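**Student:** Structure in structure tokens, see below.
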Amino acid sequence: MVEVFHINSCPLFSLVPRRIMQLIGFFLFACLQLSSSNSMAADPVANTLTTEEHAWLAANHTVRVRVSDYPPYMFTKPTPAGLSVDYLLAAAKRFGFKVELISATLQWPEAVQDVMEARQHYDLLPTMTPTPQREQQFALSKPYLTAPWVVYARKDAPYIIGLESLNGKIIATEKGLIQ
């Protein structure tokens, strides 16, 4: 039996300046409705950037993005693609920064640690589930995609209504997914 019990919000996570990440998150909702022009002059999001934010964009940064196999959000083969990748590339084109899509070489917990510390591998981690702790530690965009989380159980298991049905039960999750 499958029971939907939570909506998973998928923001971008990055050490890109916090306000730019917030604006990118806003932009992701509106990117398909904006004119096809590459000019930011007609873009209401770009018109709210501060001088410092324009300077960051003018510095021609390349943002290294960890891409793993997490369909439909990310695929690594044959080339990096998916909903999150498409949205990010649209935002990068609109704001004029470069993106380097890097296939995951580190597991999720190690990738998070890398971005929190040395940033030897990545600058941005798409689809991080927001938590109060993560919102304090990282620059998260507003969620741009939602998907249900599900609990898989045996057919003969009691019906799962929500999180309260799991009280006292042993469950398995991907290590480091939520802390």
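As shown in the structure tokens, the chain order sets the letters A, B, ...; within each chain, residues go from 1, and ligands are also counted from 1 in the order they appear.
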Per residue of range 109-144 of chain A within 9 Å of range 80-96 of chain A, which atom pair is closest and at what distance in Å (one decimal), using only C-alpha atoms, listed by chain and increasing number, as CSV?

**Tutor:**
```
residue,atom,partner,partner_atom,distance
A:Pro126,CA,A:Ser84,CA,6.6
A:Thr127,CA,A:Ser84,CA,7.4
A:Tyr144,CA,A:Ser84,CA,8.6
```

**Student:** Can I get the selected residues back with N, CA and C atoms, as a PDB file, in the first residue's frame?

**Tutor:**
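Output contents, as saved in part.pdb:
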```
ATOM      1  N   PRO A 126      20.767  21.078  -6.350  1.00  0.00           N
ATOM      2  CA  PRO A 126      19.330  21.184  -6.610  1.00  0.00           C
ATOM      3  C   PRO A 126      18.534  20.209  -5.747  1.00  0.00           C
ATOM      4  N   THR A 127      17.298  20.505  -5.518  1.00  0.00           N
ATOM      5  CA  THR A 127      16.292  19.641  -4.883  1.00  0.00           C
ATOM      6  C   THR A 127      16.557  19.320  -3.419  1.00  0.00           C
ATOM      7  N   TYR A 144      10.279  25.419  -6.172  1.00  0.00           N
ATOM      8  CA  TYR A 144       9.807  25.587  -7.535  1.00  0.00           C
ATOM      9  C   TYR A 144       9.114  24.337  -8.056  1.00  0.00           C
TER      10      TYR A 144
END
```

**Student:** What's the 10 Å shell around Arg64 in chain A, counting only C-alpha atoms, without same-chain residues fewer than 2 positions away, as a ChimeraX atom specification?

**Tutor:** /A:14,61-62,66-67,98-102,119-125

**Student:** Give me, as a tab-separated table, the closest atom pair and its distance (Å, one decimal) for every residue of range 64-137 of chain A within a cut-off of 10 Å of range 166-175 of chain A, counting only C-alpha atoms, rows sorted by chain and rising number.

**Tutor:**
```
residue	atom	partner	partner_atom	distance
A:Gln107	CA	A:Lys175	CA	9.3
A:Trp108	CA	A:Lys175	CA	8.1
A:Pro109	CA	A:Lys175	CA	7.3
```

**Student:** Create the file for the chosen residues now, containing C-alpha atoms and written as a compact mmCIF listing (two decimals), in the first residue's frame.

**Tutor:**
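Okay, this is what ended up in result.txt:
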```
# COMPACT_ATOMS: atom_id res chain seq x y z
CA GLN A 107 27.05 10.86 -1.93
CA TRP A 108 24.42 13.37 -0.70
CA PRO A 109 25.76 13.84 2.87
```

**Student:** If you measure from CA of Lys142 in chain A to CA of Gln113 in chain A, what distance in Å do you get, rounded to one decimal?

**Tutor:**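 Computing the Euclidean distance for CA of Lys142 in chain A and CA of Gln113 in chain A yields 21.6 Å.
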
**Student:** Calculated over only C-alpha atoms, which of the candidates A:Phe97, A:Pro130, A:Thr146, A:Gln136 has the smallest distance to Glu53 in chain A?

**Tutor:** A:Phe97

**Student:** To one decimal place, how far is CA of Val150 in chain A from CA of Met128 in chain A in Å?

**Tutor:** 16.9 Å

**Student:** Could you pull out the strand (DSSP E) residues of range 84-173 of chain A, going by DSSP on the backbone, and write them as a PyMOL selection string?

**Tutor:** chain A and resi 98-103+124-126+139-140+146-152
